[in-house]
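Q: Below you will find the structure I want to go over with you.
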Amino acid sequence: MRHGKKVNHLGRTASHRKAMLSNMAASLILHKRLSTTVAKAKALRKYVEPLLTKAKNDTTHSRRTVFAYLQDKESVKELFDEVSVKIANRPGGYTRILKTGYRLGDNAEMCVIELVDYNEDMLTTTGTAGAKKTRRRSSSKKKGAESTEASTPATPEAEGTKEETKDAE
């Protein structure tokens with residue numbers, strides 16, 4: 001049973017894990033996306049989302065608290081100046097994990113963790129997906145009818161009717 005074993009230690013000591021998550025969080029804030037393993041991304045999500053929530057309240061105390069976690073002045077400045085403005089209306093769920101396959105060397109499951117409000121590709125496709133649909137259901141029925149004609153054996157009578165329809169057109 002794994003009662004009370006909520007933290008994934010990622011095979012590292014506490015100090016190594018803390019430094020790694022701090023560096024990954026700073027990189028995620030600066031670059032808006034990060035390619036890593038799924039286990040590290042899930043640990044990073046638990047680490048960085050409370051910091052993003054704290055950044056909504058721009059006070060000296062919250063800046064110092066976030067700096068204690070990140071240990072990087074540039075990422076703290078970026079977080080409070082730009083990122084907090086974009087996530088101000090979002091009630092949570094600031095990150096997204098997209099699985100990308102398996103790493104070639106050790107077959108570890110890889111993913112991309114990104115800030116949700118900064119993926120312009122996904123934001124633009126969701127808005128235009130409804131407008132681009134122009135197909136009608138009748139076109140799929142016609143394709144089904146054509147495939148049944150191709151699957152039936154050709155008889156001289158059927159070929160004659162096909163030629164007559166071509167002449168009529």
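Ordering of the structure tokens sets the chain letters (A, B, ...); residue numbers start at 1 within each chain; ligands are numbered from 1 in the order shown.
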List the spatial neighbours of Asp58 in chain A as a list in words - criterion: any atom at most 12 Å away, only C-alpha atoms, same-chain residues fewer than 6 positions off excluded.

A: Leu51, Leu52, Arg64, Thr65, Val66, Val76, Lys77, Leu79, Phe80, Asp81, Glu82, Val83, Ser84, Val85 and Ala88 of chain A

Q: Restricting the output to N, CA, C and O atoms, write the selected residues as a PDB file, in the first residue's frame.

A:
```
ATOM      1  N   LEU A  51       2.774  28.661  -7.624  1.00  0.00           N
ATOM      2  CA  LEU A  51       3.545  29.889  -7.849  1.00  0.00           C
ATOM      3  C   LEU A  51       2.810  30.818  -8.811  1.00  0.00           C
ATOM      4  O   LEU A  51       2.806  32.035  -8.642  1.00  0.00           O
ATOM      5  N   LEU A  52       2.187  30.241  -9.832  1.00  0.00           N
ATOM      6  CA  LEU A  52       1.420  31.041 -10.780  1.00  0.00           C
ATOM      7  C   LEU A  52       0.202  31.670 -10.106  1.00  0.00           C
ATOM      8  O   LEU A  52      -0.155  32.822 -10.386  1.00  0.00           O
ATOM      9  N   ARG A  64       8.688  37.880  -2.986  1.00  0.00           N
ATOM     10  CA  ARG A  64       9.765  37.248  -2.205  1.00  0.00           C
ATOM     11  C   ARG A  64       9.507  35.757  -2.019  1.00  0.00           C
ATOM     12  O   ARG A  64      10.435  34.952  -2.045  1.00  0.00           O
ATOM     13  N   THR A  65       8.256  35.394  -1.828  1.00  0.00           N
ATOM     14  CA  THR A  65       7.910  33.976  -1.680  1.00  0.00           C
ATOM     15  C   THR A  65       8.212  33.210  -2.966  1.00  0.00           C
ATOM     16  O   THR A  65       8.797  32.121  -2.923  1.00  0.00           O
ATOM     17  N   VAL A  66       7.840  33.782  -4.102  1.00  0.00           N
ATOM     18  CA  VAL A  66       8.089  33.132  -5.391  1.00  0.00           C
ATOM     19  C   VAL A  66       9.593  33.068  -5.663  1.00  0.00           C
ATOM     20  O   VAL A  66      10.097  32.060  -6.159  1.00  0.00           O
ATOM     21  N   VAL A  76      11.248  35.639 -12.183  1.00  0.00           N
ATOM     22  CA  VAL A  76      10.278  36.271 -11.279  1.00  0.00           C
ATOM     23  C   VAL A  76       9.717  37.532 -11.921  1.00  0.00           C
ATOM     24  O   VAL A  76       8.508  37.789 -11.876  1.00  0.00           O
ATOM     25  N   LYS A  77      10.588  38.316 -12.552  1.00  0.00           N
ATOM     26  CA  LYS A  77      10.136  39.541 -13.224  1.00  0.00           C
ATOM     27  C   LYS A  77       9.176  39.196 -14.361  1.00  0.00           C
ATOM     28  O   LYS A  77       8.122  39.810 -14.506  1.00  0.00           O
ATOM     29  N   LEU A  79       7.364  36.509 -14.659  1.00  0.00           N
ATOM     30  CA  LEU A  79       6.148  35.940 -14.089  1.00  0.00           C
ATOM     31  C   LEU A  79       5.196  37.035 -13.619  1.00  0.00           C
ATOM     32  O   LEU A  79       4.006  37.005 -13.938  1.00  0.00           O
ATOM     33  N   PHE A  80       5.705  38.002 -12.893  1.00  0.00           N
ATOM     34  CA  PHE A  80       4.820  39.030 -12.332  1.00  0.00           C
ATOM     35  C   PHE A  80       4.439  40.092 -13.358  1.00  0.00           C
ATOM     36  O   PHE A  80       3.374  40.684 -13.245  1.00  0.00           O
ATOM     37  N   ASP A  81       5.286  40.364 -14.347  1.00  0.00           N
ATOM     38  CA  ASP A  81       4.976  41.420 -15.307  1.00  0.00           C
ATOM     39  C   ASP A  81       4.105  40.943 -16.461  1.00  0.00           C
ATOM     40  O   ASP A  81       3.146  41.622 -16.835  1.00  0.00           O
ATOM     41  N   GLU A  82       4.428  39.794 -17.061  1.00  0.00           N
ATOM     42  CA  GLU A  82       3.727  39.356 -18.265  1.00  0.00           C
ATOM     43  C   GLU A  82       2.779  38.184 -18.029  1.00  0.00           C
ATOM     44  O   GLU A  82       1.622  38.225 -18.443  1.00  0.00           O
ATOM     45  N   VAL A  83       3.258  37.146 -17.372  1.00  0.00           N
ATOM     46  CA  VAL A  83       2.461  35.925 -17.240  1.00  0.00           C
ATOM     47  C   VAL A  83       1.239  36.162 -16.358  1.00  0.00           C
ATOM     48  O   VAL A  83       0.131  35.728 -16.687  1.00  0.00           O
ATOM     49  N   SER A  84       1.415  36.888 -15.259  1.00  0.00           N
ATOM     50  CA  SER A  84       0.291  37.091 -14.337  1.00  0.00           C
ATOM     51  C   SER A  84      -0.845  37.891 -14.986  1.00  0.00           C
ATOM     52  O   SER A  84      -2.014  37.705 -14.648  1.00  0.00           O
ATOM     53  N   VAL A  85      -0.512  38.766 -15.943  1.00  0.00           N
ATOM     54  CA  VAL A  85      -1.545  39.530 -16.650  1.00  0.00           C
ATOM     55  C   VAL A  85      -2.395  38.602 -17.515  1.00  0.00           C
ATOM     56  O   VAL A  85      -3.620  38.729 -17.574  1.00  0.00           O
ATOM     57  N   ALA A  88      -4.726  36.178 -15.308  1.00  0.00           N
ATOM     58  CA  ALA A  88      -5.488  36.841 -14.247  1.00  0.00           C
ATOM     59  C   ALA A  88      -6.912  36.308 -14.129  1.00  0.00           C
ATOM     60  O   ALA A  88      -7.434  36.156 -13.022  1.00  0.00           O
TER      61      ALA A  88
END
```

Q: What is the distance, in Å and to one decimal place, between CA of Ser62 in chain A and CA of Ala43 in chain A?

A: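 Pair CA of Ser62 in chain A / CA of Ala43 in chain A returns 21.9 Å.
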
Q: Do you have the CA of Ala41 in chain A-CA of Thr60 in chain A distance handy?

A: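 Going from CA of Ala41 in chain A over to CA of Thr60 in chain A, I get 28.7 Å.
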
Q: Taking 6 positions as the minimum chain separation for residues in the same chain, which residues sit within 6 Å of Thr37 in chain A when counting only C-alpha atoms? Answer as a ChimeraX atom specification.

A: /A:109-111

Q: May I ask which of the residues A:His61, A:Lys86, A:Arg33, A:Lys18 is the closest one to Tyr47 in chain A, counting only C-alpha atoms?

A: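 For Tyr47 in chain A, the nearest of the given residues is A:Lys18.
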
Q: To one decimal place, how far is CA of Tyr94 in chain A from CA of Glu49 in chain A in Å?

A: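 The value is 6.5 Å.
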
Q: Tell me which of A:Ile87, A:Ala39, A:Ala68, A:Ala26 sits closest to Lys56 in chain A, counting only C-alpha atoms.

A: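 Of the candidates, the smallest distance to Lys56 in chain A is held by A:Ile87.
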
Q: Find the residue from A:Lys32, A:Lys54, A:His3, A:Arg45 that sits nearest to Tyr118 in chain A; use only C-alpha atoms when measuring.

A: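 So, comparing all the options, the nearest one is A:Lys32.
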
Q: Hey, what's within 10 Å of His31 in chain A if we count only C-alpha atoms and toss same-chain stuff fewer than 6 positions away? As a count of residues only, please?

A: 5
